[in-house]
file input-v4.txt (compact mmCIF, C-alpha atoms)
# COMPACT_ATOMS: atom_id res chain seq x y z
CA MET G 293 -63.66 -25.37 63.43
CA THR G 294 -62.65 -28.99 64.02
CA PHE G 295 -62.21 -31.88 61.63
CA ALA G 296 -64.47 -34.74 62.68
CA PRO G 297 -62.53 -38.00 63.11
CA GLN G 298 -65.11 -40.04 61.25
CA GLU G 299 -64.81 -37.95 58.10
CA SER G 300 -62.21 -38.46 55.39
CA ALA G 301 -59.55 -35.82 54.96
CA ASP G 302 -59.39 -35.82 51.19
CA ALA G 303 -57.73 -32.48 50.54
CA GLY G 304 -57.05 -31.27 54.05
CA VAL G 305 -55.75 -27.83 52.97
CA THR G 306 -56.38 -25.42 55.83
CA ASP G 307 -54.74 -23.48 58.62
CA GLY G 308 -52.22 -21.56 56.58
CA GLU G 309 -52.38 -23.88 53.60
CA ILE G 310 -51.06 -26.92 55.44
CA ASP G 311 -51.82 -29.99 53.37
CA PHE G 312 -52.73 -32.65 55.91
CA GLY G 313 -53.09 -35.23 53.15
CA ASP G 314 -55.52 -38.11 53.62
CA ASP G 315 -56.13 -41.05 55.93
CA SER G 316 -54.45 -43.74 53.83
CA GLY G 317 -51.87 -44.71 56.50
CA ASN G 318 -52.19 -48.03 58.30
CA TRP G 319 -52.38 -46.22 61.63
CA ALA G 320 -54.65 -43.39 60.55
CA ASN G 321 -57.57 -42.56 62.84
CA ASP G 322 -56.00 -44.12 65.91
CA GLY G 323 -55.93 -40.88 67.88
CA GLU G 324 -52.21 -40.28 67.38
CA CYS G 325 -50.54 -38.12 64.77
CA ASP G 326 -47.90 -40.24 63.00
CA ASP G 327 -46.99 -37.79 60.21
CA PRO G 328 -43.28 -36.89 60.74
CA ARG G 329 -43.99 -33.30 59.65
CA PHE G 330 -45.82 -32.94 62.96
CA GLY G 331 -43.28 -34.89 65.02
CA GLY G 332 -44.82 -38.26 64.24
CA ALA G 333 -42.66 -41.37 64.15
CA LEU G 334 -43.67 -42.96 60.85
CA THR G 335 -42.23 -41.62 57.62
CA SER G 336 -44.70 -43.83 55.78
CA HIS G 337 -47.48 -41.68 57.25
CA GLU G 338 -46.37 -38.37 55.78
CA LEU G 339 -49.53 -36.92 54.20
CA ALA G 340 -51.32 -40.11 55.27
CA ASP G 341 -52.67 -39.43 58.79
CA ALA G 342 -54.75 -36.33 58.12
CA THR G 343 -57.55 -36.66 60.68
CA ASP G 344 -55.31 -37.43 63.64
CA CYS G 345 -52.77 -34.75 62.77
CA ARG G 346 -55.33 -32.07 61.97
CA ASN G 347 -57.09 -32.66 65.29
CA ALA G 348 -53.80 -32.57 67.18
CA TYR G 349 -52.66 -29.47 65.31
CA GLU G 350 -55.88 -27.56 65.99
CA ALA G 351 -55.68 -28.62 69.64
CA GLY G 352 -52.18 -27.17 69.84
CA GLU G 353 -50.65 -30.52 70.66
CA VAL G 354 -48.28 -30.58 67.67
CA THR G 355 -46.45 -28.09 65.50
CA TYR G 356 -45.85 -28.21 61.78
CA THR G 357 -42.43 -28.51 60.11
CA PRO G 358 -42.55 -28.54 56.30
CA ALA G 359 -41.45 -31.70 54.56
CA GLY G 360 -37.73 -31.72 53.88
CA GLU G 361 -36.95 -29.66 56.95
CA ALA G 362 -37.76 -32.24 59.61
CA ASP G 363 -34.68 -33.82 61.15
CA THR G 364 -35.95 -37.35 60.57
CA GLN G 365 -36.22 -36.64 56.88
CA THR G 366 -32.79 -35.15 56.25
CA GLY G 367 -30.98 -36.27 59.36
CA ALA G 368 -28.51 -33.44 59.10
CA THR G 369 -28.03 -31.98 62.58
CA ASP G 370 -25.71 -31.96 65.58
CA GLY G 371 -22.46 -31.43 63.75
CA GLU G 372 -23.91 -32.55 60.43
CA ILE G 373 -24.50 -36.17 61.47
CA ASP G 374 -26.63 -37.75 58.79
CA PHE G 375 -29.14 -39.84 60.71
CA GLY G 376 -30.69 -41.06 57.47
CA ASP G 377 -34.36 -41.96 57.43
CA ASP G 378 -36.77 -44.40 59.03
CA SER G 379 -36.77 -47.02 56.28
CA GLY G 380 -35.51 -49.84 58.54
CA SER G 381 -37.87 -52.65 59.50
CA PHE G 382 -37.37 -51.85 63.19
CA ALA G 383 -37.36 -48.08 62.90
CA ASN G 384 -39.47 -46.17 65.43
CA ASP G 385 -39.41 -48.92 68.04
CA GLY G 386 -37.66 -46.82 70.67
CA GLU G 387 -34.26 -48.45 70.14
CA CYS G 388 -31.41 -47.19 67.99
CA ASP G 389 -30.34 -50.03 65.69
CA ASP G 390 -27.91 -48.09 63.49
CA PRO G 391 -24.45 -49.69 64.00
CA ARG G 392 -22.81 -46.26 63.76
CA PHE G 393 -24.35 -45.57 67.17
CA GLY G 394 -23.68 -49.01 68.63
CA GLY G 395 -26.83 -50.58 67.22
CA ALA G 396 -26.87 -54.25 66.31
CA LEU G 397 -28.38 -54.23 62.83
CA THR G 398 -26.16 -53.42 59.87
CA SER G 399 -29.28 -53.26 57.74
CA HIS G 400 -30.34 -50.21 59.77
CA GLU G 401 -27.34 -48.02 59.01
CA LEU G 402 -28.86 -44.69 57.97
CA ALA G 403 -32.29 -46.32 58.36
CA ASP G 404 -33.32 -45.71 61.98
CA ALA G 405 -33.17 -41.95 62.11
CA THR G 406 -35.87 -41.08 64.64
CA ASP G 407 -34.76 -43.60 67.24
CA CYS G 408 -31.07 -42.82 66.88
CA GLN G 409 -31.47 -39.06 66.82
CA ALA G 410 -33.60 -39.19 69.97
CA ALA G 411 -31.07 -41.45 71.71
CA TYR G 412 -28.18 -39.28 70.56
CA GLU G 413 -29.78 -36.07 71.78
CA ALA G 414 -30.62 -37.76 75.10
CA GLY G 415 -26.98 -38.77 75.50
CA ASP G 416 -27.82 -42.48 75.44
CA VAL G 417 -25.62 -43.24 72.43
CA THR G 418 -22.53 -41.78 70.83
CA TYR G 419 -21.67 -41.50 67.17
CA SER G 420 -18.66 -43.57 66.12
CA GLY G 421 -18.62 -42.54 62.50
CA GLU G 422 -17.54 -46.10 61.63
CA THR G 423 -19.33 -47.83 58.82
CA GLY G 424 -17.29 -51.01 58.74
CA THR G 425 -20.27 -53.30 59.22
CA ASP G 426 -22.28 -51.68 56.44
CA ALA G 427 -22.67 -53.50 53.12
CA GLY G 428 -20.70 -56.48 54.36
CA GLY G 429 -17.56 -54.46 55.04
CA GLU G 430 -14.93 -56.03 57.24
CA ILE G 431 -14.08 -55.03 60.81
CA SER G 432 -10.47 -55.16 61.93
CA ILE G 433 -9.11 -54.48 65.44
CA ASP G 434 -5.65 -55.39 66.78
CA ASP G 435 -4.95 -56.79 63.32
CA ILE G 436 -7.76 -59.32 63.88
CA ASP G 437 -10.06 -59.61 60.90
CA PHE G 438 -13.51 -60.00 62.46
CA GLY G 439 -15.11 -60.36 59.03
CA ASP G 440 -18.64 -59.10 58.52
CA ASP G 441 -22.17 -59.72 59.79
CA SER G 442 -23.30 -62.07 57.05
CA GLY G 443 -24.01 -64.98 59.41
CA THR G 444 -27.60 -66.06 60.09
CA TRP G 445 -27.14 -65.46 63.82
CA ALA G 446 -25.08 -62.29 63.55
CA ASN G 447 -26.11 -59.41 65.79
CA ASP G 448 -27.83 -61.58 68.39
CA GLY G 449 -25.51 -60.58 71.21
CA GLU G 450 -23.49 -63.81 71.15
CA CYS G 451 -20.18 -64.42 69.38
CA ASP G 452 -20.58 -67.55 67.25
CA ASP G 453 -17.25 -67.37 65.37
CA PRO G 454 -15.29 -70.52 66.33
CA ARG G 455 -12.04 -68.53 66.27
CA PHE G 456 -13.30 -66.90 69.47
CA GLY G 457 -14.74 -70.06 70.99
CA GLY G 458 -18.08 -69.80 69.22
CA SER G 459 -19.98 -72.92 68.29
CA LEU G 460 -20.89 -72.31 64.64
CA THR G 461 -18.29 -73.04 61.99
CA SER G 462 -20.60 -71.39 59.47
CA HIS G 463 -20.05 -68.09 61.34
CA GLU G 464 -16.28 -67.91 60.98
CA LEU G 465 -15.63 -64.35 59.75
CA ALA G 466 -19.42 -63.85 59.69
CA ASP G 467 -20.36 -62.56 63.17
CA ALA G 468 -18.20 -59.47 63.33
CA THR G 469 -20.23 -57.12 65.52
CA ASP G 470 -21.00 -59.66 68.23
CA CYS G 471 -17.44 -60.97 68.35
CA ARG G 472 -15.88 -57.52 68.25
CA ASN G 473 -18.06 -56.36 71.14
CA ALA G 474 -17.27 -59.49 73.15
CA TYR G 475 -13.57 -59.16 72.35
CA GLU G 476 -13.45 -55.51 73.41
CA ALA G 477 -15.35 -56.38 76.59
CA GLY G 478 -12.78 -59.07 77.39
CA GLU G 479 -15.38 -61.83 77.25
CA VAL G 480 -13.65 -63.80 74.49
CA THR G 481 -10.11 -64.25 73.25
CA PHE G 482 -8.85 -64.80 69.74
CA ASN G 483 -7.25 -68.20 69.33
CA GLY G 484 -6.12 -67.60 65.79
CA GLU G 485 -6.87 -71.19 64.86
CA THR G 486 -9.11 -71.96 61.95
CA GLY G 487 -8.67 -75.71 62.05
CA ALA G 488 -12.25 -76.37 63.10
CA ALA G 489 -13.75 -74.31 60.31
CA GLY G 490 -10.95 -74.46 57.81
CA GLY G 491 -10.70 -78.22 57.61
CA ASP G 492 -7.22 -78.65 59.15
CA PRO G 493 -7.15 -81.67 61.47
CA ILE G 494 -6.75 -81.37 65.24
CA VAL G 495 -4.03 -83.69 66.55
CA ILE G 496 -3.42 -84.27 70.27
CA ASP G 497 -1.23 -87.00 71.79
CA GLY G 498 -0.84 -88.45 68.34
CA ILE G 499 -4.62 -88.84 67.96
CA ASP G 500 -5.98 -87.37 64.74
CA PHE G 501 -9.35 -85.96 65.78
CA GLY G 502 -10.13 -84.86 62.22
CA ASP G 503 -12.17 -81.72 61.64
CA ASP G 504 -15.60 -80.31 62.42
CA SER G 505 -17.34 -81.26 59.20
CA GLY G 506 -20.00 -83.33 60.97
CA THR G 507 -23.57 -82.08 61.07
CA TYR G 508 -23.58 -82.20 64.88
CA SER G 509 -20.07 -80.94 65.46
CA LEU G 510 -19.60 -78.11 67.96
CA ASP G 511 -22.59 -79.08 70.10
CA ASP G 512 -20.40 -79.90 73.15
CA GLU G 513 -20.92 -83.64 72.71
CA CYS G 514 -18.42 -86.02 71.13
CA ASP G 515 -20.17 -88.02 68.42
CA ASP G 516 -17.09 -89.67 66.88
CA PRO G 517 -17.68 -93.44 67.30
CA ARG G 518 -13.99 -94.00 68.09
CA PHE G 519 -14.50 -92.56 71.58
CA THR G 520 -16.23 -93.81 74.70
CA GLY G 521 -17.06 -92.14 77.99
CA SER G 522 -19.46 -89.71 79.62
CA GLY G 523 -18.57 -86.99 77.12
CA VAL G 524 -20.01 -88.99 74.23
CA GLY G 525 -23.38 -87.86 72.87
CA VAL G 526 -24.54 -90.33 70.24
CA ALA G 527 -21.83 -92.23 68.41
CA LEU G 528 -22.44 -91.60 64.71
CA ASP G 529 -20.58 -93.41 61.98
CA ASP G 530 -20.71 -90.36 59.72
CA HIS G 531 -18.97 -88.33 62.46
CA LEU G 532 -15.84 -90.47 62.37
CA MET G 533 -13.03 -87.86 62.42
CA ALA G 534 -15.67 -85.18 61.86
CA ASP G 535 -16.34 -83.87 65.40
CA ALA G 536 -12.85 -82.72 66.28
CA THR G 537 -13.48 -79.80 68.62
CA ASP G 538 -16.04 -81.59 70.78
CA CYS G 539 -14.03 -84.80 71.01
CA SER G 540 -10.65 -83.17 71.54
CA THR G 541 -12.13 -80.97 74.27
CA ALA G 542 -13.73 -83.97 75.96
CA TYR G 543 -10.51 -85.93 75.59
CA GLU G 544 -8.50 -83.21 77.30
CA ASP G 545 -11.18 -82.97 80.01
CA GLY G 546 -10.89 -86.72 80.57
CA THR G 547 -14.54 -87.42 79.77
CA VAL G 548 -13.77 -89.57 76.70
CA THR G 549 -11.07 -92.05 75.79
CA LEU G 550 -10.09 -93.45 72.44
CA ASP G 551 -11.05 -97.03 71.61
CA GLU G 552 -8.95 -97.92 68.62
CA ASN G 553 -11.37 -100.69 67.63
CA GLN G 554 -14.38 -98.42 67.26
CA GLY G 555 -15.12 -97.09 63.83
CA SER G 556 -12.08 -98.81 62.39
CA GLY G 557 -13.86 -101.88 61.05
CA GLU G 558 -11.87 -104.12 63.42
CA SER G 559 -13.66 -106.52 65.72
CA ILE G 560 -14.04 -105.84 69.43
CA VAL G 561 -12.99 -108.91 71.42
CA VAL G 562 -13.64 -109.27 75.14
CA ASP G 563 -13.13 -112.55 77.08
CA ASP G 564 -12.50 -114.26 73.73
CA ILE G 565 -15.98 -113.19 72.56
CA ASP G 566 -15.89 -111.62 69.11
CA PHE G 567 -18.46 -108.82 69.33
CA GLY G 568 -17.91 -107.84 65.71
CA ASP G 569 -18.09 -104.21 64.70
CA ASP G 570 -20.55 -101.31 64.68
CA SER G 571 -21.85 -101.70 61.15
CA GLY G 572 -25.50 -102.14 62.19
CA ASN G 573 -27.97 -99.34 61.57
CA TRP G 574 -28.84 -99.24 65.28
CA ALA G 575 -25.30 -99.57 66.56
CA ASN G 576 -24.23 -97.10 69.24
CA ASP G 577 -27.75 -96.40 70.47
CA GLY G 578 -27.09 -97.68 73.99
CA GLU G 579 -28.91 -101.00 73.47
CA CYS G 580 -27.46 -104.34 72.44
CA ASP G 581 -29.33 -105.62 69.39
CA ASP G 582 -27.08 -108.59 68.56
CA PRO G 583 -29.39 -111.65 68.75
CA ARG G 584 -26.65 -113.72 70.40
CA PHE G 585 -27.16 -111.88 73.70
CA THR G 586 -29.89 -111.88 76.33
CA GLY G 587 -30.51 -109.72 79.36
CA SER G 588 -31.83 -106.34 80.43
CA GLY G 589 -29.29 -104.56 78.21
CA VAL G 590 -30.85 -106.01 75.06
CA GLY G 591 -33.00 -103.73 72.95
CA VAL G 592 -34.57 -105.67 70.09
CA ALA G 593 -32.69 -108.70 68.80
CA LEU G 594 -32.10 -108.04 65.12
CA ASP G 595 -30.78 -110.68 62.78
CA ASP G 596 -28.93 -108.10 60.69
CA HIS G 597 -27.14 -106.90 63.86
CA LEU G 598 -25.41 -110.23 64.45
CA MET G 599 -21.81 -109.16 65.19
CA ALA G 600 -22.77 -105.65 64.06
CA ASP G 601 -23.52 -103.88 67.37
CA ALA G 602 -20.17 -104.36 69.04
CA THR G 603 -19.89 -101.26 71.20
CA ASP G 604 -23.36 -101.52 72.70
CA CYS G 605 -23.09 -105.23 73.35
CA SER G 606 -19.52 -105.24 74.66
CA THR G 607 -20.37 -102.37 77.00
CA ALA G 608 -23.51 -104.15 78.23
CA TYR G 609 -21.54 -107.38 78.60
CA GLU G 610 -18.89 -105.69 80.73
CA ASP G 611 -21.65 -104.03 82.78
CA GLY G 612 -23.25 -107.44 83.36
CA THR G 613 -26.56 -106.51 81.73
CA VAL G 614 -26.25 -109.05 78.90
CA THR G 615 -24.89 -112.55 78.63
CA LEU G 616 -23.94 -114.60 75.60
CA GLU G 617 -26.06 -117.59 74.63
CA GLY G 618 -23.99 -120.67 73.79
CA ASP G 619 -20.81 -120.72 71.76
CA ALA G 620 -19.49 -117.30 70.90
CA GLY G 621 -18.16 -118.49 67.60
CA SER G 622 -21.41 -120.03 66.42
CA ASP G 623 -24.23 -118.24 64.69
CA GLU G 624 -26.51 -121.16 63.95
CA ASP G 625 -28.40 -121.00 67.23
CA PHE G 626 -28.63 -117.21 67.31
CA ARG G 627 -29.69 -116.19 63.86
CA ILE G 628 -33.39 -116.32 64.63
CA ASN G 629 -34.89 -113.42 62.76
CA PHE G 630 -37.67 -112.27 65.06
CA GLY G 631 -38.73 -109.69 62.50
CA ASP G 632 -40.41 -106.53 63.71
CA ASP G 633 -43.47 -105.35 65.64
CA SER G 634 -45.70 -104.57 62.68
CA SER G 635 -48.48 -106.93 63.78
CA ALA G 636 -51.65 -105.41 65.20
CA SER G 637 -51.17 -107.81 68.10
CA ALA G 638 -47.58 -106.83 68.76
CA ASN G 639 -46.52 -105.87 72.28
CA ASP G 640 -49.49 -107.52 73.97
CA GLY G 641 -47.37 -109.93 76.00
CA VAL G 642 -48.27 -112.93 73.84
CA CYS G 643 -46.17 -114.35 70.99
CA ASP G 644 -48.40 -114.47 67.90
CA ASP G 645 -45.73 -115.53 65.38
CA PRO G 646 -46.75 -119.02 64.12
CA ARG G 647 -43.08 -120.06 64.01
CA PHE G 648 -43.11 -120.28 67.82
CA GLN G 649 -45.13 -122.75 69.84
CA GLY G 650 -45.61 -123.18 73.55
CA ARG G 651 -47.54 -121.83 76.49
CA GLY G 652 -46.18 -118.35 75.80
CA GLY G 653 -47.69 -118.37 72.32
CA ALA G 654 -51.14 -117.47 71.07
CA SER G 655 -53.84 -120.14 70.99
CA GLU G 656 -54.71 -119.19 67.42
CA LEU G 657 -51.68 -118.57 65.26
CA GLN G 658 -52.12 -116.58 62.07
CA ASN G 659 -49.61 -116.50 59.28
CA ALA G 660 -50.12 -112.71 59.00
CA ASN G 661 -48.19 -112.42 62.27
CA ARG G 662 -45.18 -114.28 60.94
CA MET G 663 -42.04 -112.21 61.72
CA ALA G 664 -44.30 -109.39 62.92
CA ASP G 665 -44.34 -109.80 66.72
CA ALA G 666 -40.65 -109.58 67.51
CA THR G 667 -40.69 -108.15 71.03
CA ASP G 668 -43.29 -110.56 72.42
CA CYS G 669 -41.78 -113.61 70.77
CA ARG G 670 -38.23 -112.76 71.73
CA ALA G 671 -39.32 -112.29 75.34
CA ALA G 672 -41.19 -115.58 75.35
CA TYR G 673 -38.29 -117.35 73.64
CA ASP G 674 -35.80 -115.98 76.17
CA ALA G 675 -38.14 -117.00 79.01
CA GLY G 676 -38.38 -120.54 77.59
CA THR G 677 -42.16 -120.41 77.18
CA VAL G 678 -41.99 -120.94 73.41
CA THR G 679 -39.74 -122.89 71.13
CA TYR G 680 -38.71 -122.00 67.61
CA ASN G 681 -40.04 -124.22 64.81
CA PRO G 682 -39.29 -122.50 61.49

call {"tool": "encode", "arguments": {"input": "input-v4.txt", "output": "structure tokens"}}
result
Amino acid sequence: MTFAPQESADAGVTDGEIDFGDDSGNWANDGECDDPRFGGALTSHELADATDCRNAYEAGEVTYTPAGEADTQTGATDGEIDFGDDSGSFANDGECDDPRFGGALTSHELADATDCQAAYEAGDVTYSGETGTDAGGEISIDDIDFGDDSGTWANDGECDDPRFGGSLTSHELADATDCRNAYEAGEVTFNGETGAAGGDPIVIDGIDFGDDSGTYSLDDECDDPRFTGSGVGVALDDHLMADATDCSTAYEDGTVTLDENQGSGESIVVDDIDFGDDSGNWANDGECDDPRFTGSGVGVALDDHLMADATDCSTAYEDGTVTLEGDAGSDEDFRINFGDDSSASANDGVCDDPRFQGRGGASELQNANRMADATDCRAAYDAGTVTYNP
């Protein structure tokens, strides 16, 4: 007698009073017996995969072990190793994730029984008996406190603890398994310093690099606006003395140098030109926005960046991509506020701002375009095709 797959196994009591249960499991009726009493891999399918298991049992493909006696239920075997159960999210995926067997998930201690028992019996893993990573416990080797695995990126195969050269200050003492494995493999060394994560400043050659409290610290780019050079990413005012590791590393590599004027509030002066400081919102973006300058190195001339984009403009000036219009000490001729490009006619190659007249301007000027066609009008003004009549 066979049990038709399309029928429901409500009671399922047969063949020596084996209770096959019902078909309430998510993987019931898929042609595979998942009930662990018959060697299946899903504890959630005990008494819940009746049709598949009954068919397999009657075909002689599986044998029955009463509940409570199966190894995946009690886990007590091979020298009384308690493998636990299969309650882990990644149980029954063919990989042993229990950290007691070298697995990478502390949440799967005693919770990946089937995978770990199979791997253990196959000789693929060994049992350490250590439970240091469980429940946030600390790992200690060679008197090094590796901490625990509470970090977001713990157990991803990479050591992120900055004490071992990792790049995440948030993972100091919080990436224990990864860092311990890397340390034991000789891939990382312990520097013992906690200055980057602990807030102690890094000082080299009398330069106080600060700490790593910046949002973009430890990304291998120096964002402290006091430094210039190829090792600089984007100079950010809020990273002043807050990107210590990146900047000190770049400094020692020779890819950045300290410019005492930057970020200090002091003016940058080159060839008797006072470039001002970097207080503009768009300072340190690689484009000179000070309206006193013209040339290919100019981005958008912004009135509020007069003497407030010093690094960009002084760099462009020294590179020869911008030149200064008129007297460096005067602001009367250079405080034209071109506005922005909010006009519907902006960036069409024609200056539509009614404050400018000339052959480079529109034939019909509308007041709605006043201070709203900055790029076109600045280009025309610089080319001499319009004049400014406020």

call {"tool": "residues_around", "arguments": {"input": "input-v4.txt", "residues": "Ser606 of chain G", "least_positions_apart": "4", "cutoff": "7 Å", "atoms": "all atoms listed in the file", "output": "PyMOL selection string"}}
result
chain G and resi 567+602+610

call {"tool": "residues_around", "arguments": {"input": "input-v4.txt", "residues": "Ala593 of chain G", "least_positions_apart": "2", "cutoff": "7 Å", "atoms": "all atoms listed in the file", "output": "ChimeraX atom specification"}}
result
/G:581-583,591,595

call {"tool": "atom_distance", "arguments": {"input": "input-v4.txt", "atom1": "atom CA of Ala474 of chain G", "atom2": "atom CA of Cys451 of chain G"}}
result
6.9 Å

call {"tool": "residues_around", "arguments": {"input": "input-v4.txt", "residues": "segment 629-642 of chain G", "least_positions_apart": "2", "cutoff": "7 Å", "atoms": "all atoms listed in the file", "output": "PyMOL selection string"}}
result
chain G and resi 594-595+627+644+652-654+661+663-668+670

call {"tool": "atom_distance", "arguments": {"input": "input-v4.txt", "atom1": "atom CA of Gly415 of chain G", "atom2": "atom CA of Asn473 of chain G"}}
result
20.2 Å

call {"tool": "closest_residue", "arguments": {"input": "input-v4.txt", "among": "G:Asp551, G:Glu350, G:Asp504, G:Asp448", "to": "Phe519 of chain G", "atoms": "all atoms listed in the file"}}
result
G:Asp551

call {"tool": "build_atoms", "arguments": {"input": "input-v4.txt", "residues": "segment 605-613 of chain G", "atoms": "all heavy atoms", "output": "tab-separated table (two decimals), in the coordinates of the input"}}
result
chain	number	residue	atom	x	y	z
G	605	CYS	N	-23.05	-103.91	72.72
G	605	CYS	CA	-23.09	-105.23	73.35
G	605	CYS	C	-21.89	-105.49	74.23
G	605	CYS	O	-22.02	-106.09	75.31
G	605	CYS	CB	-23.22	-106.31	72.27
G	605	CYS	SG	-24.78	-106.24	71.36
G	606	SER	N	-20.70	-105.04	73.81
G	606	SER	CA	-19.52	-105.24	74.66
G	606	SER	C	-19.63	-104.42	75.93
G	606	SER	O	-19.24	-104.86	77.02
G	606	SER	CB	-18.24	-104.90	73.89
G	606	SER	OG	-18.22	-103.52	73.51
G	607	THR	N	-20.18	-103.21	75.81
G	607	THR	CA	-20.37	-102.37	77.00
G	607	THR	C	-21.36	-103.02	77.95
G	607	THR	O	-21.14	-103.08	79.17
G	607	THR	CB	-20.88	-100.97	76.60
G	607	THR	OG1	-19.92	-100.34	75.73
G	607	THR	CG2	-21.10	-100.09	77.81
G	608	ALA	N	-22.50	-103.50	77.40
G	608	ALA	CA	-23.51	-104.15	78.23
G	608	ALA	C	-22.96	-105.43	78.84
G	608	ALA	O	-23.26	-105.77	80.00
G	608	ALA	CB	-24.76	-104.44	77.40
G	609	TYR	N	-22.14	-106.15	78.09
G	609	TYR	CA	-21.54	-107.38	78.60
G	609	TYR	C	-20.63	-107.08	79.78
G	609	TYR	O	-20.69	-107.75	80.83
G	609	TYR	CB	-20.75	-108.07	77.48
G	609	TYR	CG	-19.97	-109.28	77.92
G	609	TYR	CD1	-20.59	-110.52	78.06
G	609	TYR	CD2	-18.61	-109.19	78.19
G	609	TYR	CE1	-19.87	-111.65	78.47
G	609	TYR	CE2	-17.88	-110.30	78.60
G	609	TYR	CZ	-18.52	-111.52	78.74
G	609	TYR	OH	-17.80	-112.63	79.15
G	610	GLU	N	-19.80	-106.05	79.65
G	610	GLU	CA	-18.89	-105.69	80.73
G	610	GLU	C	-19.64	-105.13	81.93
G	610	GLU	O	-19.17	-105.23	83.07
G	610	GLU	CB	-17.84	-104.70	80.23
G	610	GLU	CG	-16.88	-105.33	79.22
G	610	GLU	CD	-15.81	-104.37	78.73
G	610	GLU	OE1	-16.15	-103.18	78.54
G	610	GLU	OE2	-14.67	-104.79	78.55
G	611	ASP	N	-20.83	-104.54	81.68
G	611	ASP	CA	-21.65	-104.03	82.78
G	611	ASP	C	-22.46	-105.14	83.44
G	611	ASP	O	-23.09	-104.91	84.49
G	611	ASP	CB	-22.62	-102.95	82.27
G	611	ASP	CG	-21.90	-101.67	81.89
G	611	ASP	OD1	-20.74	-101.50	82.30
G	611	ASP	OD2	-22.52	-100.85	81.17
G	612	GLY	N	-22.49	-106.32	82.82
G	612	GLY	CA	-23.25	-107.44	83.36
G	612	GLY	C	-24.72	-107.41	83.04
G	612	GLY	O	-25.50	-108.15	83.65
G	613	THR	N	-25.13	-106.58	82.06
G	613	THR	CA	-26.56	-106.51	81.73
G	613	THR	C	-26.93	-107.41	80.56
G	613	THR	O	-28.12	-107.51	80.24
G	613	THR	CB	-26.97	-105.06	81.40
G	613	THR	OG1	-26.16	-104.57	80.32
G	613	THR	CG2	-26.78	-104.16	82.62
